[in-house]
Amino acid sequence: MILGVSIYEILTLTSILFFIGVYGFITRTNLISMLISVELILNSSVVNFVVINKYLFPEVLQGVFFSVFIIAVAAAETALAIAIIINLYRLISSVEVKDTEVMKY
Amino acid sequence: MDISNFLLMRQEIMLLSIVLLLIIAEIFIPNDKKSSIVHFAIFLFGIHTILGFVGLSEGSLFGGSFQTTKLVYFFKNVLNVGVLIVLLQSADWIQEKVVKENKGSEFFILLFSSLLGMYFMISAGDFLMFYIGLELGTLPVAALAAYETSKRISSESGIKFILSAALASGAALFGVSLLYATSGSIFFADIIPTITASNLTILGFVLFFSGLAFKISIVPFHFWTADVYEGAPISVSSYLSVISKGAAVFILMILLFTVLKPLMYIWENMIYGLTIATMLIGNLFALRQQNMKRFLAFSSIAQAGFILLGIISGTQLGATTAIYFVLVYIFSNLAAFGVVQAISLKTGKENMDDYNGLYRTNPKLSLVMMLALFSLAGIPPVAGFFGKFFLFTSAASEGYYLLVFIAAANATVSLYYYLLVVRAMFIRKNEHPIPFFNSKIYMRLGLIVSVIGILVLGLYSPLYDYIFELNGFLNQ
């Protein structure tokens, strides 16, 4: 619990973070920055879980455990996405979205 | 602590040991005999599938995180049979192409890990287990989609799949965190009594639903489907369209009918709109496809709309018809993908025009394809008709007459494009048709099993009654 900071402020912050992530995912044209946007989304829910646990339900540590698992899974996800991006880069020498669009409609 | 409790997780433990055995086999089998790993993996998974049918006991583990009921066992067996057919159909491809690049065993390891994730997802008792299962079920498939590393199209489908999957699971997670805020627990059993339709709960539910809708490729979340199906190796496409979608439908149904039942008057309306949009857009886009894989992708989107038709009624009857339809869909779609795979493996052709005159050169394959497409379209003698018929009945019994009318109209539209393929195979002439070829034993076996499934499911009614009994708990 942080003195002088209520849960509303933190939840507003994480919601903004979430929607920045969604906006970035839609507008970015680089695969790596899309990946970063996804990380923003995941991390906003990590903060959400910890804060909700700490402020509202401090008796049981469910939210904290959940956030640890999210971090681990997000790392695996990033590693795999980076691996595929590197393979793609070897084939087409680019990580721009517009260069990857062979298949459409 | 009694060790025998862990026998509730028998199927998971067995699958995990198969994965470990394959890793060991990869080390000890010499390089020139690597193709024997295909036989080994299929043999092990066949045993696993058969053993899945015996000895059912219900219960929960880890303080309720992991639950098994007879319904869950049934789901797992359905998935097992589906994966077995996928394996049989892809065995030739693996032996001819993948093993030569020396990555045969990884294919099985990734496929089985993904199936393990689906198991955990289906029998989840809280959102943590559900999330881990979802991710374990998704990530290996992304690696599989990008499996042909020398092909650009395969890598592209892999990156499209993993980025959209990550976005979807991120949205679902944010939704789960909001649900956790309102109910104070991540256990399904604790959420049920506390859930009320506050604004925060509804927002959380909608975000969570969108994550699952992505897996089932319901319409606003369907953009990845066609691209990934087209670019990925065909066995991975068929796995995605059948196993991954089936597992997501199962868990969605369990969650909607038990945990989120108090919000029913909200998700009813939501699914109403999604059903119409999914069927319409799936059908309209399927009309203009030339590539068979893309065509089957859009047809599978349209079929997802029909599955929602069973879920919307929210009754025991609706759940039964949805499960039965998924079962029929698994066999029909696998048969269609099997034929596409057999032809693509021998000739490399995947376009609808290449199928012109197929009946004259390969009559058996054309017949299998025709049966599969008739079943997907819902023409009477085969199982697909009964699946659709029961779905319409269940929705009509709850008073959704307009929806049933729209669905019936869509079924008619879908008949047109399914018959386009049939026309190409049987009626159209072609100067250079695909030459006659014989598939190997595994491919034949896979096609035969799926055809038997299509025919038997339509005629053998006790199965339907059995599913109806299993769904008894939904009646509360």
# chains A, B, ... in the order shown; residues from 1 in each chain; ligands from 1
call {"tool": "residues_around", "arguments": {"residues": "range 202-207 of chain B", "least_positions_apart": "2", "cutoff": "12 Å", "atoms": "only C-alpha atoms", "output": "compact mmCIF listing (two decimals) with N, CA and C atoms, in the first residue's frame"}}
result
# COMPACT_ATOMS: atom_id res chain seq x y z
N SER A 15 -5.12 1.19 -16.81
CA SER A 15 -6.04 1.19 -17.96
C SER A 15 -5.46 1.98 -19.10
N PHE A 18 -2.86 -0.04 -20.73
CA PHE A 18 -3.47 -1.08 -21.57
C PHE A 18 -3.86 -0.52 -22.93
N SER A 45 -1.66 -5.65 -17.01
CA SER A 45 -2.45 -6.57 -16.19
C SER A 45 -1.64 -7.12 -15.02
N LEU B 167 -1.74 -10.56 -28.26
CA LEU B 167 -2.68 -9.47 -28.02
C LEU B 167 -3.96 -10.01 -27.39
N ALA B 168 -4.47 -11.12 -27.95
CA ALA B 168 -5.72 -11.68 -27.43
C ALA B 168 -5.56 -12.14 -26.00
N SER B 169 -4.43 -12.83 -25.70
CA SER B 169 -4.30 -13.32 -24.33
C SER B 169 -4.04 -12.16 -23.38
N GLY B 170 -3.41 -11.07 -23.88
CA GLY B 170 -3.24 -9.89 -23.04
C GLY B 170 -4.58 -9.27 -22.68
N ALA B 171 -5.46 -9.16 -23.67
CA ALA B 171 -6.79 -8.61 -23.41
C ALA B 171 -7.55 -9.51 -22.44
N ALA B 172 -7.45 -10.83 -22.65
CA ALA B 172 -8.14 -11.76 -21.76
C ALA B 172 -7.62 -11.61 -20.33
N LEU B 173 -6.30 -11.43 -20.19
CA LEU B 173 -5.71 -11.28 -18.86
C LEU B 173 -6.21 -10.03 -18.17
N PHE B 174 -6.28 -8.93 -18.91
CA PHE B 174 -6.78 -7.70 -18.32
C PHE B 174 -8.22 -7.92 -17.85
N GLY B 175 -9.00 -8.64 -18.66
CA GLY B 175 -10.36 -8.95 -18.25
C GLY B 175 -10.40 -9.78 -16.99
N VAL B 176 -9.50 -10.79 -16.90
CA VAL B 176 -9.47 -11.63 -15.70
C VAL B 176 -9.12 -10.79 -14.49
N SER B 177 -8.19 -9.81 -14.66
CA SER B 177 -7.81 -8.99 -13.51
C SER B 177 -9.00 -8.17 -13.03
N LEU B 178 -9.86 -7.71 -13.95
CA LEU B 178 -11.05 -6.97 -13.53
C LEU B 178 -12.05 -7.88 -12.84
N LEU B 179 -12.19 -9.11 -13.36
CA LEU B 179 -13.08 -10.07 -12.70
C LEU B 179 -12.58 -10.38 -11.29
N TYR B 180 -11.24 -10.48 -11.17
CA TYR B 180 -10.63 -10.72 -9.85
C TYR B 180 -10.92 -9.55 -8.93
N ALA B 181 -10.91 -8.32 -9.46
CA ALA B 181 -11.17 -7.15 -8.62
C ALA B 181 -12.59 -7.19 -8.07
N THR B 182 -13.55 -7.65 -8.86
CA THR B 182 -14.92 -7.60 -8.37
C THR B 182 -15.28 -8.78 -7.50
N SER B 183 -14.65 -9.93 -7.72
CA SER B 183 -15.08 -11.10 -6.96
C SER B 183 -14.08 -11.52 -5.89
N ILE B 195 -20.57 -13.26 -8.16
CA ILE B 195 -20.59 -12.48 -9.40
C ILE B 195 -21.92 -11.76 -9.56
N THR B 196 -21.83 -10.46 -9.83
CA THR B 196 -23.03 -9.66 -10.12
C THR B 196 -22.73 -8.81 -11.34
N ALA B 197 -23.79 -8.33 -11.97
CA ALA B 197 -23.60 -7.63 -13.24
C ALA B 197 -23.26 -6.15 -13.00
N SER B 198 -22.13 -5.89 -12.34
CA SER B 198 -21.69 -4.51 -12.23
C SER B 198 -20.94 -4.14 -13.50
N ASN B 199 -20.72 -2.84 -13.69
CA ASN B 199 -20.09 -2.40 -14.94
C ASN B 199 -18.69 -2.99 -15.09
N LEU B 200 -17.95 -3.02 -13.96
CA LEU B 200 -16.58 -3.52 -14.01
C LEU B 200 -16.57 -5.00 -14.41
N PHE B 209 -13.81 -12.56 -22.81
CA PHE B 209 -14.48 -13.28 -23.90
C PHE B 209 -13.74 -13.07 -25.22
N SER B 210 -13.23 -11.83 -25.42
CA SER B 210 -12.57 -11.57 -26.70
C SER B 210 -11.31 -12.42 -26.84
N GLY B 211 -10.63 -12.69 -25.70
CA GLY B 211 -9.46 -13.55 -25.75
C GLY B 211 -9.80 -14.94 -26.23
N LEU B 212 -10.93 -15.48 -25.72
CA LEU B 212 -11.32 -16.82 -26.14
C LEU B 212 -11.88 -16.81 -27.55
N ALA B 213 -12.60 -15.72 -27.88
CA ALA B 213 -13.19 -15.62 -29.22
C ALA B 213 -12.11 -15.64 -30.27
N PHE B 214 -10.94 -15.11 -29.92
CA PHE B 214 -9.80 -15.17 -30.84
C PHE B 214 -9.46 -16.62 -31.18
N PHE B 221 -12.57 -11.04 -34.38
CA PHE B 221 -11.23 -11.51 -34.00
C PHE B 221 -10.72 -12.59 -34.96
N LEU B 252 -14.97 -22.52 -23.22
CA LEU B 252 -15.89 -21.37 -23.27
C LEU B 252 -17.27 -21.79 -22.79
N LEU B 255 -17.30 -22.36 -19.01
CA LEU B 255 -17.27 -21.10 -18.28
C LEU B 255 -18.59 -20.36 -18.38
N LEU B 256 -19.14 -20.27 -19.59
CA LEU B 256 -20.38 -19.52 -19.77
C LEU B 256 -21.52 -20.17 -19.00
N VAL B 259 -19.66 -20.54 -14.53
CA VAL B 259 -19.16 -19.38 -13.80
C VAL B 259 -19.93 -18.12 -14.18
N LEU B 260 -20.15 -17.94 -15.47
CA LEU B 260 -20.72 -16.68 -15.93
C LEU B 260 -22.21 -16.77 -16.18
N LYS B 261 -22.84 -17.82 -15.64
CA LYS B 261 -24.28 -17.99 -15.83
C LYS B 261 -25.08 -16.78 -15.34
N PRO B 262 -24.70 -16.13 -14.21
CA PRO B 262 -25.48 -14.96 -13.77
C PRO B 262 -25.48 -13.82 -14.76
N LEU B 263 -24.48 -13.77 -15.65
CA LEU B 263 -24.43 -12.69 -16.63
C LEU B 263 -25.13 -13.09 -17.93
N MET B 264 -25.95 -14.14 -17.86
CA MET B 264 -26.44 -14.72 -19.10
C MET B 264 -27.19 -13.72 -19.96
N TYR B 265 -27.98 -12.82 -19.30
CA TYR B 265 -28.78 -11.91 -20.12
C TYR B 265 -27.89 -10.93 -20.88
N ILE B 266 -26.60 -10.83 -20.47
CA ILE B 266 -25.67 -9.99 -21.23
C ILE B 266 -25.03 -10.77 -22.36
N TRP B 267 -24.48 -11.94 -22.03
CA TRP B 267 -23.77 -12.66 -23.11
C TRP B 267 -24.71 -13.23 -24.15
N MET B 270 -24.87 -10.49 -26.67
CA MET B 270 -23.58 -10.36 -27.32
C MET B 270 -23.38 -11.47 -28.35
N ILE B 271 -23.65 -12.72 -27.92
CA ILE B 271 -23.43 -13.86 -28.82
C ILE B 271 -24.41 -13.82 -29.98
call {"tool": "closest_atom_pairs", "arguments": {"of": "chain A", "to": "chain B", "cutoff": "7 Å", "atoms": "only C-alpha atoms", "output": "CSV"}}
result
residue,atom,partner,partner_atom,distance
A:Leu35,CA,B:Leu163,CA,6.9
A:Val38,CA,B:Leu167,CA,5.8
A:Ile41,CA,B:Gly170,CA,5.7
A:Leu42,CA,B:Gly170,CA,5.1
A:Ser45,CA,B:Phe174,CA,5.0
A:Asn48,CA,B:Ser177,CA,6.3
A:Phe49,CA,B:Ser177,CA,5.7
A:Ile52,CA,B:Ala181,CA,6.0
A:Phe57,CA,B:Gly184,CA,6.3
A:Phe66,CA,B:Leu128,CA,6.2
A:Glu77,CA,B:Leu139,CA,6.8
A:Ala81,CA,B:Ile162,CA,6.4
A:Ile84,CA,B:Ile159,CA,6.1
A:Ile85,CA,B:Ile159,CA,6.7
A:Asn87,CA,B:Thr149,CA,6.9
A:Leu88,CA,B:Ser155,CA,5.8
A:Leu91,CA,B:Arg152,CA,6.3
A:Thr100,CA,B:Glu156,CA,6.2
A:Met103,CA,B:Asp227,CA,6.0
call {"tool": "atom_distance", "arguments": {"atom1": "CA of Tyr329 in chain B", "atom2": "CA of Asn438 in chain B"}}
result
26.4 Å
call {"tool": "atom_distance", "arguments": {"atom1": "CA of Ile32 in chain A", "atom2": "CA of Thr78 in chain A"}}
result
9.9 Å
call {"tool": "atom_distance", "arguments": {"atom1": "CA of Ser4 in chain B", "atom2": "CA of Phe53 in chain B"}}
result
18.8 Å
call {"tool": "closest_residue", "arguments": {"among": "A:Leu40, A:Met34, A:Leu3, A:Ile92", "to": "Ile20 in chain A", "atoms": "only C-alpha atoms"}}
result
A:Leu40
call {"tool": "residues_around", "arguments": {"residues": "Arg28 in chain A", "least_positions_apart": "5", "cutoff": "9 Å", "atoms": "only C-alpha atoms", "output": "list of chain:residue names"}}
result
A:Tyr23, A:Ser33, A:Met34, A:Ser37, A:Val97
